[in-house]
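Enquirer: So that we are looking at the same thing, I have put the structure below in structure tokens.
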Amino acid sequence: MLALMRKEATVLFASPVAYFVLTMVALITSISFFEHLRLYNHQLFLFASSSMGGFETDTIPDYINLRDTVFLPVMEQLGLLILLPIPLVTMRVFAEERSLGTDELLLTSRLSAGQIVVAKFAVTFAFIALMMTVSFVYPATAVISGGLGLQHLLAVYLGLVMLGIGIASIGLVCSAFTGSQIIAAVSTVGITFLLYDFSWTFEFIGEETAGVLDALSLHPHFGRFSEGLVGAANVTYFLCLAVISGAVVRFSLDLRRVGG
Amino acid sequence: MCRAFGDHLVLDSLDLAIERGETFGLLGANGAGKTTFIRLVTGYLLPTAGSVLVDGISPGVNPRAVHERIGFSAERPQLYPDLRVRQGLRFAGGLRGLSGAALEAAIDSALRRFDIGDHADRLVGNLSKGYQQRVSLAQAFLDEPPLLIVDEPTSGLDPLQRAEVREVIAGLRGQRTVVLCTHDLNEARQLCSRVAVLHEGRLVALGAADEVLGGDDPLALFRGHSP
């Protein structure tokens with residue numbers, strides 16, 4: 001299984017996609033972060049200018065703080081932004097094997113289908129964690145110095161990684177059912193976008209059904225992490241999504257033996 | 001055994017035994033069912049009816065034990081274009097349970113055997129089709145499995161390379177069981193002790209290579225005419 005994990009990592013970093021994704025995520029996060037920081041400074045400046053005696057901290061309303069004005073909006077944006085680069089990473093994982101014909105090499109090796117799934121999921125998830133680390137450097141540095149607290153920071157980071165794992169799991173399922181990387185990527189974006197947030201359904205369908213849909217969607221579970229809360233239910237939700245996706249991918253591999 | 005894809009019967013009541021140590025040729029036109037047969041033997045596909053046994057073991061029941069006994073080189077090389085030749089062989093060796101010094105020794109031996117040592121550090125995707133075919137064969141030979149299945153091993157090779165690959169396969173006669181899928185009747189006569197000819201999933205001829213292919217019009221077998 002280690003051989004397959006090593007190969008996956010080598011192939012991932014042999015293509016420009018990995019570097020492109022890492023660069024884009026770091027760039028977009030930085031731009032979003034500095035833009036919010038600029039707005040925060042602007043608001044501080046406005047309050048400082050409006051008070052007669054110049055800048056006085058007691059004239060600044062409570063809601064203007066680094067956490068609520070910069071950190072949380074950036075994280076909320078990042079939750080949506082990672083919806084685009086993750087399918088670029090997951091699209092090739094199984095679809096490329098099928099298009100190259102190398103799935104036959106894997107499925108006739110000494111690895112079981114389960115081991116193949118575990119190895120590919122593990123490398124993809126590790127890349128997601130790396131991607132989040134890269135995106136997290138600027139906000140983390142600034143927010144620690146702004147006094148948000150390390151625990152809150154870790155909770156948000158864990159939330160982003162969990163959300164990334166959730167989206168990647170959907171992406172890996174899409175990749176397993178097609179030989180076309182384009183179809184895999186587009187269907188991942190579509191399905192994730194659909195599953196991201198069902199809160200709007202409360203206005204259109206019964207509260208009970210909408211409540212169930214909302215509980216199944218990604219955003220509410222990620223949202224708790226943004227608030228600094230690491231709930232077992234939310235972690236379990238994302239881990240269940242990964243496990244169920246793994247089982248579906250494994251089923252798709254078995255299906256090829258029967259259906260061809 | 002039978003194998004169908006939907007309503008289309010690709011292999012129809014095929015009953016075939018390949019003896020240990022023989023070089024067995026599987027012939028037929030495109031679409032005759034040769035690749036499906038190979039995929040059933042490797043366990044990549046499961047039969048719709050009947051069974052396949054490799055060394056007494058069913059690939060459907062114990063795929064790992066079967067995969068330990070088989071080396072397989074497909075007509076379309078199963079290679080990763082983004083890996084270098086040595087990296088690809090290292091990966092293939094890892095999949096076959098080789099590691100450490102034994103893996104490196106097996107890679108060096110395969111590079112020498114297929115004369116691809118000079119290309120060991122090149123990307124597989126940048127190699128010519130002939131060299132990719134050699135890498136594919138090297139991959140299949142890596143741990144010297146007792147059963148070797150080669151699908152069109154000389155397709156895309158120049159005459160010199162073709163002769164070299166045939167020499168390698170001929171050198172395995174009596175040492176390994178080899179199943180050779182080919183369109184090339186001369187190749188089959190030269191290398192195989194016995195051959196089977198498939199037509200639209202049915203077995204139309206089975207016997208000693210010289211006997212089956214030695215008639216006036218061996219190509220008639222490809223059209224489904226029994227000898």
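For the structure tokens, the naming scheme is as follows: chains receive sequential letters (A, B, ...) according to their order of presentation, residues are indexed from 1 within each chain, and ligands are indexed from 1 in presentation order.
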Report as an MDAnalysis selection string: the residues of chain B with a DSSP assignment of alpha helix (DSSP H), based on the backbone of this structure.

Expert: chainID B and resid 34:42 63:67 85:95 100:113 129:141 159:171 185:191 209:213 219:222

Enquirer: Fewer than 3 positions away in the same chain doesn't count, so skip those; otherwise give me all residues within 8 Å of Leu4 of chain A, counting only C-alpha atoms, as a PyMOL selection string.

Expert: (chain A and resi 1+7-8+116+119-120) or (chain B and resi 91+94-95)

Enquirer: Pick out the residues sitting within 10 Å of segment 44-46 of chain B, and hand them over as a ChimeraX atom specification; count only C-alpha atoms, and ignore anything fewer than 3 positions along from it in its own chain.

Expert: /A:103-109,253-260 /B:2-3,36-41,49-52,58-60,63

Enquirer: Please produce a file of those selected residues containing N, CA and C atoms, as a PDB file, in the first residue's frame.

Expert:
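Generated file (part-v1.pdb):
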ATOM      1  N   ASP A 103      -5.867   1.119 -14.185  1.00  0.00           N
ATOM      2  CA  ASP A 103      -6.727   0.552 -13.130  1.00  0.00           C
ATOM      3  C   ASP A 103      -6.625  -0.973 -13.161  1.00  0.00           C
ATOM      4  N   GLU A 104      -6.406  -1.510 -14.369  1.00  0.00           N
ATOM      5  CA  GLU A 104      -6.271  -2.967 -14.497  1.00  0.00           C
ATOM      6  C   GLU A 104      -4.999  -3.450 -13.795  1.00  0.00           C
ATOM      7  N   LEU A 105      -3.935  -2.625 -13.916  1.00  0.00           N
ATOM      8  CA  LEU A 105      -2.672  -2.960 -13.241  1.00  0.00           C
ATOM      9  C   LEU A 105      -2.892  -3.006 -11.723  1.00  0.00           C
ATOM     10  N   LEU A 106      -3.621  -2.017 -11.208  1.00  0.00           N
ATOM     11  CA  LEU A 106      -3.864  -1.955  -9.760  1.00  0.00           C
ATOM     12  C   LEU A 106      -4.757  -3.096  -9.296  1.00  0.00           C
ATOM     13  N   LEU A 107      -5.827  -3.329 -10.084  1.00  0.00           N
ATOM     14  CA  LEU A 107      -6.816  -4.319  -9.640  1.00  0.00           C
ATOM     15  C   LEU A 107      -6.342  -5.754  -9.837  1.00  0.00           C
ATOM     16  N   THR A 108      -5.245  -5.932 -10.573  1.00  0.00           N
ATOM     17  CA  THR A 108      -4.686  -7.288 -10.695  1.00  0.00           C
ATOM     18  C   THR A 108      -3.353  -7.375  -9.950  1.00  0.00           C
ATOM     19  N   SER A 109      -3.157  -6.431  -9.020  1.00  0.00           N
ATOM     20  CA  SER A 109      -1.950  -6.488  -8.193  1.00  0.00           C
ATOM     21  C   SER A 109      -2.286  -7.208  -6.885  1.00  0.00           C
ATOM     22  N   LEU A 253     -15.375  -0.095  -7.909  1.00  0.00           N
ATOM     23  CA  LEU A 253     -14.275  -0.939  -8.407  1.00  0.00           C
ATOM     24  C   LEU A 253     -14.755  -2.383  -8.573  1.00  0.00           C
ATOM     25  N   ASP A 254     -15.539  -2.850  -7.605  1.00  0.00           N
ATOM     26  CA  ASP A 254     -16.076  -4.215  -7.699  1.00  0.00           C
ATOM     27  C   ASP A 254     -17.054  -4.338  -8.869  1.00  0.00           C
ATOM     28  N   LEU A 255     -17.780  -3.254  -9.094  1.00  0.00           N
ATOM     29  CA  LEU A 255     -18.785  -3.242 -10.161  1.00  0.00           C
ATOM     30  C   LEU A 255     -18.143  -3.471 -11.529  1.00  0.00           C
ATOM     31  N   ARG A 256     -16.916  -2.956 -11.692  1.00  0.00           N
ATOM     32  CA  ARG A 256     -16.225  -3.133 -12.984  1.00  0.00           C
ATOM     33  C   ARG A 256     -15.962  -4.600 -13.276  1.00  0.00           C
ATOM     34  N   ARG A 257     -15.710  -5.390 -12.230  1.00  0.00           N
ATOM     35  CA  ARG A 257     -15.404  -6.812 -12.432  1.00  0.00           C
ATOM     36  C   ARG A 257     -16.643  -7.562 -12.918  1.00  0.00           C
ATOM     37  N   VAL A 258     -17.785  -7.114 -12.458  1.00  0.00           N
ATOM     38  CA  VAL A 258     -19.020  -7.798 -12.848  1.00  0.00           C
ATOM     39  C   VAL A 258     -19.529  -7.247 -14.188  1.00  0.00           C
ATOM     40  N   GLY A 259     -19.521  -5.900 -14.267  1.00  0.00           N
ATOM     41  CA  GLY A 259     -20.113  -5.293 -15.463  1.00  0.00           C
ATOM     42  C   GLY A 259     -19.121  -5.039 -16.555  1.00  0.00           C
ATOM     43  N   GLY A 260     -17.828  -4.878 -16.200  1.00  0.00           N
ATOM     44  CA  GLY A 260     -16.817  -4.535 -17.198  1.00  0.00           C
ATOM     45  C   GLY A 260     -16.942  -3.072 -17.492  1.00  0.00           C
TER      46      GLY A 260
ATOM     47  N   CYS B   2     -18.664 -18.700 -19.579  1.00  0.00           N
ATOM     48  CA  CYS B   2     -19.277 -17.707 -20.460  1.00  0.00           C
ATOM     49  C   CYS B   2     -19.050 -16.332 -19.859  1.00  0.00           C
ATOM     50  N   ARG B   3     -18.990 -15.354 -20.738  1.00  0.00           N
ATOM     51  CA  ARG B   3     -18.930 -13.974 -20.252  1.00  0.00           C
ATOM     52  C   ARG B   3     -19.766 -13.108 -21.201  1.00  0.00           C
ATOM     53  N   THR B  36     -10.914 -10.404 -23.256  1.00  0.00           N
ATOM     54  CA  THR B  36     -11.872 -10.771 -22.201  1.00  0.00           C
ATOM     55  C   THR B  36     -11.402 -12.031 -21.491  1.00  0.00           C
ATOM     56  N   PHE B  37     -10.897 -12.990 -22.272  1.00  0.00           N
ATOM     57  CA  PHE B  37     -10.383 -14.228 -21.679  1.00  0.00           C
ATOM     58  C   PHE B  37      -9.250 -13.903 -20.690  1.00  0.00           C
ATOM     59  N   ILE B  38      -8.332 -13.046 -21.135  1.00  0.00           N
ATOM     60  CA  ILE B  38      -7.202 -12.681 -20.262  1.00  0.00           C
ATOM     61  C   ILE B  38      -7.715 -12.015 -18.977  1.00  0.00           C
ATOM     62  N   ARG B  39      -8.670 -11.121 -19.144  1.00  0.00           N
ATOM     63  CA  ARG B  39      -9.192 -10.398 -17.975  1.00  0.00           C
ATOM     64  C   ARG B  39      -9.913 -11.345 -17.003  1.00  0.00           C
ATOM     65  N   LEU B  40     -10.468 -12.411 -17.534  1.00  0.00           N
ATOM     66  CA  LEU B  40     -11.103 -13.392 -16.652  1.00  0.00           C
ATOM     67  C   LEU B  40     -10.039 -14.187 -15.896  1.00  0.00           C
ATOM     68  N   VAL B  41      -8.929 -14.455 -16.575  1.00  0.00           N
ATOM     69  CA  VAL B  41      -7.852 -15.206 -15.920  1.00  0.00           C
ATOM     70  C   VAL B  41      -7.180 -14.350 -14.839  1.00  0.00           C
ATOM     71  N   ALA B  49     -20.920 -17.085 -16.266  1.00  0.00           N
ATOM     72  CA  ALA B  49     -21.240 -18.463 -15.881  1.00  0.00           C
ATOM     73  C   ALA B  49     -19.966 -19.295 -15.978  1.00  0.00           C
ATOM     74  N   GLY B  50     -19.889 -20.345 -15.171  1.00  0.00           N
ATOM     75  CA  GLY B  50     -18.708 -21.186 -15.196  1.00  0.00           C
ATOM     76  C   GLY B  50     -17.620 -20.639 -14.307  1.00  0.00           C
ATOM     77  N   SER B  51     -16.406 -21.164 -14.463  1.00  0.00           N
ATOM     78  CA  SER B  51     -15.331 -20.724 -13.566  1.00  0.00           C
ATOM     79  C   SER B  51     -13.973 -20.765 -14.250  1.00  0.00           C
ATOM     80  N   VAL B  52     -13.055 -20.004 -13.665  1.00  0.00           N
ATOM     81  CA  VAL B  52     -11.661 -19.993 -14.119  1.00  0.00           C
ATOM     82  C   VAL B  52     -10.820 -20.417 -12.922  1.00  0.00           C
ATOM     83  N   SER B  58      -9.392 -19.943  -7.705  1.00  0.00           N
ATOM     84  CA  SER B  58     -10.303 -19.074  -8.459  1.00  0.00           C
ATOM     85  C   SER B  58      -9.954 -17.606  -8.212  1.00  0.00           C
ATOM     86  N   PRO B  59      -9.759 -16.817  -9.288  1.00  0.00           N
ATOM     87  CA  PRO B  59      -9.462 -15.383  -9.102  1.00  0.00           C
ATOM     88  C   PRO B  59     -10.609 -14.640  -8.418  1.00  0.00           C
ATOM     89  N   GLY B  60     -11.825 -15.172  -8.555  1.00  0.00           N
ATOM     90  CA  GLY B  60     -12.962 -14.533  -7.900  1.00  0.00           C
ATOM     91  C   GLY B  60     -12.975 -14.767  -6.404  1.00  0.00           C
ATOM     92  N   PRO B  63      -8.360 -13.580  -5.127  1.00  0.00           N
ATOM     93  CA  PRO B  63      -7.630 -12.839  -6.171  1.00  0.00           C
ATOM     94  C   PRO B  63      -6.152 -12.630  -5.841  1.00  0.00           C
TER      95      PRO B  63
END

Enquirer: Mind running chain B against chain A at 9 Å and telling me each contacting residue's nearest atom pair with the distance in Å (one decimal), counting only C-alpha atoms, chain and number ascending, as JSON lines?

Expert:
{"residue": "B:Ala4", "atom": "CA", "partner": "A:Gly259", "partner_atom": "CA", "distance": 8.7}
{"residue": "B:Phe5", "atom": "CA", "partner": "A:Gly259", "partner_atom": "CA", "distance": 6.6}
{"residue": "B:Gly6", "atom": "CA", "partner": "A:Gly259", "partner_atom": "CA", "distance": 8.0}
{"residue": "B:Arg39", "atom": "CA", "partner": "A:Glu104", "partner_atom": "CA", "distance": 8.7}
{"residue": "B:Leu40", "atom": "CA", "partner": "A:Arg257", "partner_atom": "CA", "distance": 8.9}
{"residue": "B:Thr42", "atom": "CA", "partner": "A:Thr108", "partner_atom": "CA", "distance": 6.2}
{"residue": "B:Gly43", "atom": "CA", "partner": "A:Thr108", "partner_atom": "CA", "distance": 6.7}
{"residue": "B:Tyr44", "atom": "CA", "partner": "A:Arg257", "partner_atom": "CA", "distance": 5.6}
{"residue": "B:Leu45", "atom": "CA", "partner": "A:Arg257", "partner_atom": "CA", "distance": 4.0}
{"residue": "B:Leu46", "atom": "CA", "partner": "A:Arg257", "partner_atom": "CA", "distance": 5.5}
{"residue": "B:Pro47", "atom": "CA", "partner": "A:Val258", "partner_atom": "CA", "distance": 7.8}
{"residue": "B:Thr48", "atom": "CA", "partner": "A:Val258", "partner_atom": "CA", "distance": 7.9}
{"residue": "B:Pro63", "atom": "CA", "partner": "A:Thr108", "partner_atom": "CA", "distance": 7.7}
{"residue": "B:Arg64", "atom": "CA", "partner": "A:Arg110", "partner_atom": "CA", "distance": 5.1}
{"residue": "B:Ala65", "atom": "CA", "partner": "A:Arg110", "partner_atom": "CA", "distance": 7.9}
{"residue": "B:Val66", "atom": "CA", "partner": "A:Thr108", "partner_atom": "CA", "distance": 8.7}
{"residue": "B:His67", "atom": "CA", "partner": "A:Ser109", "partner_atom": "CA", "distance": 5.7}
{"residue": "B:Glu68", "atom": "CA", "partner": "A:Arg110", "partner_atom": "CA", "distance": 6.5}
{"residue": "B:Ile70", "atom": "CA", "partner": "A:Thr108", "partner_atom": "CA", "distance": 8.7}
{"residue": "B:Phe72", "atom": "CA", "partner": "A:Leu105", "partner_atom": "CA", "distance": 8.3}
{"residue": "B:Arg76", "atom": "CA", "partner": "A:Gly101", "partner_atom": "CA", "distance": 7.8}
{"residue": "B:Pro77", "atom": "CA", "partner": "A:Gly101", "partner_atom": "CA", "distance": 8.0}
{"residue": "B:Gln78", "atom": "CA", "partner": "A:Thr102", "partner_atom": "CA", "distance": 4.8}
{"residue": "B:Leu79", "atom": "CA", "partner": "A:Thr102", "partner_atom": "CA", "distance": 6.4}
{"residue": "B:Tyr80", "atom": "CA", "partner": "A:Thr102", "partner_atom": "CA", "distance": 7.5}
{"residue": "B:Pro81", "atom": "CA", "partner": "A:Leu100", "partner_atom": "CA", "distance": 8.9}
{"residue": "B:Asp82", "atom": "CA", "partner": "A:Val11", "partner_atom": "CA", "distance": 6.1}
{"residue": "B:Leu83", "atom": "CA", "partner": "A:Val11", "partner_atom": "CA", "distance": 6.9}
{"residue": "B:Gln87", "atom": "CA", "partner": "A:Lys7", "partner_atom": "CA", "distance": 8.3}
{"residue": "B:Gly88", "atom": "CA", "partner": "A:Lys7", "partner_atom": "CA", "distance": 8.4}
{"residue": "B:Arg90", "atom": "CA", "partner": "A:Ala3", "partner_atom": "CA", "distance": 8.1}
{"residue": "B:Phe91", "atom": "CA", "partner": "A:Ala3", "partner_atom": "CA", "distance": 5.7}
{"residue": "B:Ala92", "atom": "CA", "partner": "A:Ala3", "partner_atom": "CA", "distance": 8.3}
{"residue": "B:Gly93", "atom": "CA", "partner": "A:Ala3", "partner_atom": "CA", "distance": 8.5}
{"residue": "B:Gly94", "atom": "CA", "partner": "A:Ala3", "partner_atom": "CA", "distance": 5.2}
{"residue": "B:Leu95", "atom": "CA", "partner": "A:Ser109", "partner_atom": "CA", "distance": 5.8}
{"residue": "B:Arg96", "atom": "CA", "partner": "A:Arg110", "partner_atom": "CA", "distance": 6.0}
{"residue": "B:Gly97", "atom": "CA", "partner": "A:Arg110", "partner_atom": "CA", "distance": 7.3}

Enquirer: Dump C-alpha atoms for the selected residues as a PDB file, in the first residue's frame?

Expert:
ATOM      1  CA  ALA B   4     -21.544 -11.492 -21.408  1.00  0.00           C
ATOM      2  CA  PHE B   5     -21.652  -7.706 -21.421  1.00  0.00           C
ATOM      3  CA  GLY B   6     -25.349  -6.969 -21.224  1.00  0.00           C
ATOM      4  CA  ARG B  39      -9.192 -10.398 -17.975  1.00  0.00           C
ATOM      5  CA  LEU B  40     -11.103 -13.392 -16.652  1.00  0.00           C
ATOM      6  CA  THR B  42      -6.321 -12.207 -14.128  1.00  0.00           C
ATOM      7  CA  GLY B  43      -9.521 -11.685 -12.133  1.00  0.00           C
ATOM      8  CA  TYR B  44     -10.120  -8.194 -13.511  1.00  0.00           C
ATOM      9  CA  LEU B  45     -13.478  -9.535 -14.725  1.00  0.00           C
ATOM     10  CA  LEU B  46     -15.670 -12.255 -13.293  1.00  0.00           C
ATOM     11  CA  PRO B  47     -17.300 -14.881 -15.537  1.00  0.00           C
ATOM     12  CA  THR B  48     -21.053 -14.678 -16.098  1.00  0.00           C
ATOM     13  CA  PRO B  63      -7.630 -12.839  -6.171  1.00  0.00           C
ATOM     14  CA  ARG B  64      -4.471 -12.101  -4.210  1.00  0.00           C
ATOM     15  CA  ALA B  65      -3.196 -15.685  -4.475  1.00  0.00           C
ATOM     16  CA  VAL B  66      -3.845 -15.613  -8.233  1.00  0.00           C
ATOM     17  CA  HIS B  67      -2.202 -12.206  -8.695  1.00  0.00           C
ATOM     18  CA  GLU B  68       0.913 -13.521  -6.934  1.00  0.00           C
ATOM     19  CA  ILE B  70       0.596 -13.890 -12.706  1.00  0.00           C
ATOM     20  CA  PHE B  72       0.618  -9.482 -17.232  1.00  0.00           C
ATOM     21  CA  ARG B  76      -1.885  -1.108 -24.587  1.00  0.00           C
ATOM     22  CA  PRO B  77       0.929  -0.711 -22.032  1.00  0.00           C
ATOM     23  CA  GLN B  78      -0.395  -0.007 -18.532  1.00  0.00           C
ATOM     24  CA  LEU B  79       2.104   2.674 -17.644  1.00  0.00           C
ATOM     25  CA  TYR B  80       2.126   6.048 -15.913  1.00  0.00           C
ATOM     26  CA  PRO B  81       3.437   8.703 -18.334  1.00  0.00           C
ATOM     27  CA  ASP B  82       4.422  11.062 -15.492  1.00  0.00           C
ATOM     28  CA  LEU B  83       6.772   8.540 -13.879  1.00  0.00           C
ATOM     29  CA  GLN B  87      10.092   4.907 -10.776  1.00  0.00           C
ATOM     30  CA  GLY B  88       7.413   2.990 -12.689  1.00  0.00           C
ATOM     31  CA  ARG B  90       9.788   0.466  -8.564  1.00  0.00           C
ATOM     32  CA  PHE B  91       6.056   1.068  -8.185  1.00  0.00           C
ATOM     33  CA  ALA B  92       5.149  -2.110 -10.089  1.00  0.00           C
ATOM     34  CA  GLY B  93       7.630  -4.078  -7.948  1.00  0.00           C
ATOM     35  CA  GLY B  94       6.110  -2.599  -4.789  1.00  0.00           C
ATOM     36  CA  LEU B  95       2.665  -3.714  -5.955  1.00  0.00           C
ATOM     37  CA  ARG B  96       4.077  -7.212  -6.432  1.00  0.00           C
ATOM     38  CA  GLY B  97       5.413  -7.300  -2.891  1.00  0.00           C
TER      39      GLY B  97
END

Enquirer: Could you pull out all residues of chain B with a DSSP call of strand (DSSP E) and give them as a VMD selection string?

Expert: chain B and resid 3 to 5 8 to 11 23 to 28 70 to 73 147 to 151 177 to 182 194 to 199 202 to 208

Enquirer: Choose the residue, out of A:Val173, A:Ala129, A:Val74, A:Val21, that has the smallest atom-to-atom separation from Phe34 of chain A; count only C-alpha atoms.

Expert: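 Ranked by minimum distance to Phe34 of chain A, first place goes to A:Val74.
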
Enquirer: Find the residues around Ser73 of chain B up to 8 Å (only C-alpha atoms counted), leave out those fewer than 3 positions away in its own chain, and share them as a ChimeraX atom specification.

Expert: /B:77-78,136-137,139-140,149-151,153

Enquirer: Suppose we keep C-alpha atoms; can you now write the selection as a PDB file, in the first residue's frame?

Expert:
ATOM      1  CA  PRO B  77       0.929  -0.711 -22.032  1.00  0.00           C
ATOM      2  CA  GLN B  78      -0.395  -0.007 -18.532  1.00  0.00           C
ATOM      3  CA  SER B 136       5.427  -3.032 -19.920  1.00  0.00           C
ATOM      4  CA  LEU B 137       7.085  -6.412 -20.451  1.00  0.00           C
ATOM      5  CA  GLN B 139       6.970  -4.748 -15.427  1.00  0.00           C
ATOM      6  CA  ALA B 140       5.327  -8.138 -16.033  1.00  0.00           C
ATOM      7  CA  ILE B 149       0.278 -13.450 -19.910  1.00  0.00           C
ATOM      8  CA  VAL B 150       1.339 -11.256 -22.807  1.00  0.00           C
ATOM      9  CA  ASP B 151      -1.150  -9.573 -25.089  1.00  0.00           C
ATOM     10  CA  PRO B 153       3.821  -8.178 -27.081  1.00  0.00           C
TER      11      PRO B 153
END

Enquirer: If we count only C-alpha atoms and set the cut-off at 12 Å, which residues sit around segment 199-204 of chain B, ignoring sequence neighbours fewer than 5 positions away in its own chain? Please answer as a ChimeraX atom specification.

Expert: /B:1-4,8-16,26-37,212,218-227

Enquirer: Residues as selected, N, CA and C atoms, written as a CSV table (one decimal), in the first residue's frame, can you do that?

Expert:
chain,number,residue,atom,x,y,z
B,1,MET,N,-16.7,-21.8,-19.6
B,1,MET,CA,-17.2,-20.5,-19.0
B,1,MET,C,-17.8,-19.6,-20.1
B,2,CYS,N,-18.7,-18.7,-19.6
B,2,CYS,CA,-19.3,-17.7,-20.5
B,2,CYS,C,-19.1,-16.3,-19.9
B,3,ARG,N,-19.0,-15.4,-20.7
B,3,ARG,CA,-18.9,-14.0,-20.3
B,3,ARG,C,-19.8,-13.1,-21.2
B,4,ALA,N,-20.7,-12.4,-20.6
B,4,ALA,CA,-21.5,-11.5,-21.4
B,4,ALA,C,-21.4,-10.1,-20.9
B,8,HIS,N,-24.8,-9.0,-24.9
B,8,HIS,CA,-23.7,-9.5,-25.9
B,8,HIS,C,-22.8,-10.5,-25.3
B,9,LEU,N,-22.9,-11.7,-25.8
B,9,LEU,CA,-22.1,-12.8,-25.3
B,9,LEU,C,-20.7,-12.8,-25.9
B,10,VAL,N,-19.7,-12.4,-25.1
B,10,VAL,CA,-18.3,-12.2,-25.7
B,10,VAL,C,-17.6,-13.6,-25.6
B,11,LEU,N,-17.8,-14.4,-24.6
B,11,LEU,CA,-17.2,-15.7,-24.6
B,11,LEU,C,-18.3,-16.7,-24.4
B,12,ASP,N,-18.4,-17.7,-25.3
B,12,ASP,CA,-19.5,-18.6,-25.3
B,12,ASP,C,-19.0,-20.0,-25.0
B,13,SER,N,-19.4,-20.5,-23.9
B,13,SER,CA,-19.1,-22.0,-23.5
B,13,SER,C,-17.6,-22.3,-23.8
B,14,LEU,N,-16.7,-21.5,-23.3
B,14,LEU,CA,-15.3,-21.8,-23.6
B,14,LEU,C,-14.8,-22.8,-22.6
B,15,ASP,N,-14.2,-23.9,-23.1
B,15,ASP,CA,-13.7,-24.9,-22.2
B,15,ASP,C,-12.2,-25.2,-22.6
B,16,LEU,N,-11.3,-24.8,-21.7
B,16,LEU,CA,-9.9,-24.7,-22.1
B,16,LEU,C,-9.0,-25.0,-20.9
B,26,LEU,N,-3.0,-17.8,-28.0
B,26,LEU,CA,-4.4,-17.5,-28.1
B,26,LEU,C,-4.6,-16.6,-29.3
B,27,LEU,N,-5.3,-17.1,-30.3
B,27,LEU,CA,-5.4,-16.3,-31.6
B,27,LEU,C,-6.8,-16.0,-31.9
B,28,GLY,N,-7.0,-15.0,-32.7
B,28,GLY,CA,-8.3,-14.6,-33.2
B,28,GLY,C,-8.3,-13.2,-33.7
B,29,ALA,N,-9.3,-12.9,-34.4
B,29,ALA,CA,-9.4,-11.5,-35.0
B,29,ALA,C,-9.8,-10.6,-33.8
B,30,ASN,N,-9.8,-9.3,-34.1
B,30,ASN,CA,-10.2,-8.3,-33.1
B,30,ASN,C,-11.7,-8.6,-32.8
B,31,GLY,N,-12.0,-8.6,-31.5
B,31,GLY,CA,-13.3,-8.8,-31.0
B,31,GLY,C,-13.7,-10.3,-30.8
B,32,ALA,N,-12.6,-11.2,-31.0
B,32,ALA,CA,-12.9,-12.6,-30.8
B,32,ALA,C,-13.1,-13.0,-29.4
B,33,GLY,N,-12.6,-12.2,-28.5
B,33,GLY,CA,-12.8,-12.5,-27.0
B,33,GLY,C,-11.5,-12.8,-26.3
B,34,LYS,N,-10.3,-12.5,-27.0
B,34,LYS,CA,-9.0,-12.8,-26.4
B,34,LYS,C,-8.8,-12.0,-25.1
B,35,THR,N,-9.0,-10.7,-25.2
B,35,THR,CA,-8.7,-9.8,-24.1
B,35,THR,C,-9.7,-10.1,-22.9
B,36,THR,N,-10.9,-10.4,-23.3
B,36,THR,CA,-11.9,-10.8,-22.2
B,36,THR,C,-11.4,-12.0,-21.5
B,37,PHE,N,-10.9,-13.0,-22.3
B,37,PHE,CA,-10.4,-14.2,-21.7
B,37,PHE,C,-9.3,-13.9,-20.7
B,212,VAL,N,-2.6,-27.0,-36.1
B,212,VAL,CA,-3.7,-26.0,-36.3
B,212,VAL,C,-3.4,-25.0,-37.4
B,218,PRO,N,-4.8,-21.0,-43.0
B,218,PRO,CA,-5.0,-20.8,-41.6
B,218,PRO,C,-5.9,-19.6,-41.3
B,219,LEU,N,-5.9,-18.6,-42.2
B,219,LEU,CA,-6.7,-17.4,-41.9
B,219,LEU,C,-8.2,-17.7,-41.9
B,220,ALA,N,-8.6,-18.9,-42.5
B,220,ALA,CA,-10.0,-19.3,-42.5
B,220,ALA,C,-10.5,-19.5,-41.0
B,221,LEU,N,-9.5,-19.9,-40.2
B,221,LEU,CA,-9.9,-20.0,-38.7
B,221,LEU,C,-10.3,-18.7,-38.1
B,222,PHE,N,-9.7,-17.6,-38.6
B,222,PHE,CA,-10.1,-16.3,-38.1
B,222,PHE,C,-11.5,-15.9,-38.5
B,223,ARG,N,-11.9,-16.5,-39.6
B,223,ARG,CA,-13.3,-16.3,-40.1
B,223,ARG,C,-14.3,-17.2,-39.5
B,224,GLY,N,-13.8,-18.1,-38.6
B,224,GLY,CA,-14.7,-19.0,-37.9
B,224,GLY,C,-14.9,-20.3,-38.5
B,225,HIS,N,-14.1,-20.6,-39.5
B,225,HIS,CA,-14.2,-22.0,-40.1
B,225,HIS,C,-13.3,-23.0,-39.4
B,226,SER,N,-13.9,-24.1,-39.0
B,226,SER,CA,-13.2,-25.1,-38.2
B,226,SER,C,-12.2,-25.8,-39.2
B,227,PRO,N,-11.0,-26.3,-38.7
B,227,PRO,CA,-10.1,-26.9,-39.6
B,227,PRO,C,-10.6,-28.3,-40.1

Enquirer: How many Å separate atom CA of Asp197 of chain A from atom CA of Arg224 of chain A?

Expert: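 Result for atom CA of Asp197 of chain A versus atom CA of Arg224 of chain A: 13.7 Å, one decimal.
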
Enquirer: Tell me, as a PyMOL selection string, which residues lie within 7 Å of Ser245 of chain A, counting only C-alpha atoms; anything in the same chain fewer than 2 positions away does not count.

Expert: chain A and resi 169-170+173+241-243+247-249

Enquirer: Write out as a list in words which residues come within 9 Å of segment 164-167 of chain A when counting only C-alpha atoms, dropping same-chain ones fewer than 5 positions away.

Expert: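 Here the qualifying residues turn out to be Gly79, Ile82, Leu83, Ile86, Pro87, Thr124, Phe125, Ile128, Ala129, Met132, Gly159, Leu172, Thr188, Val189, Thr192, Leu218, Tyr237, Phe238, Leu239, Leu241 and Ala242 of chain A.
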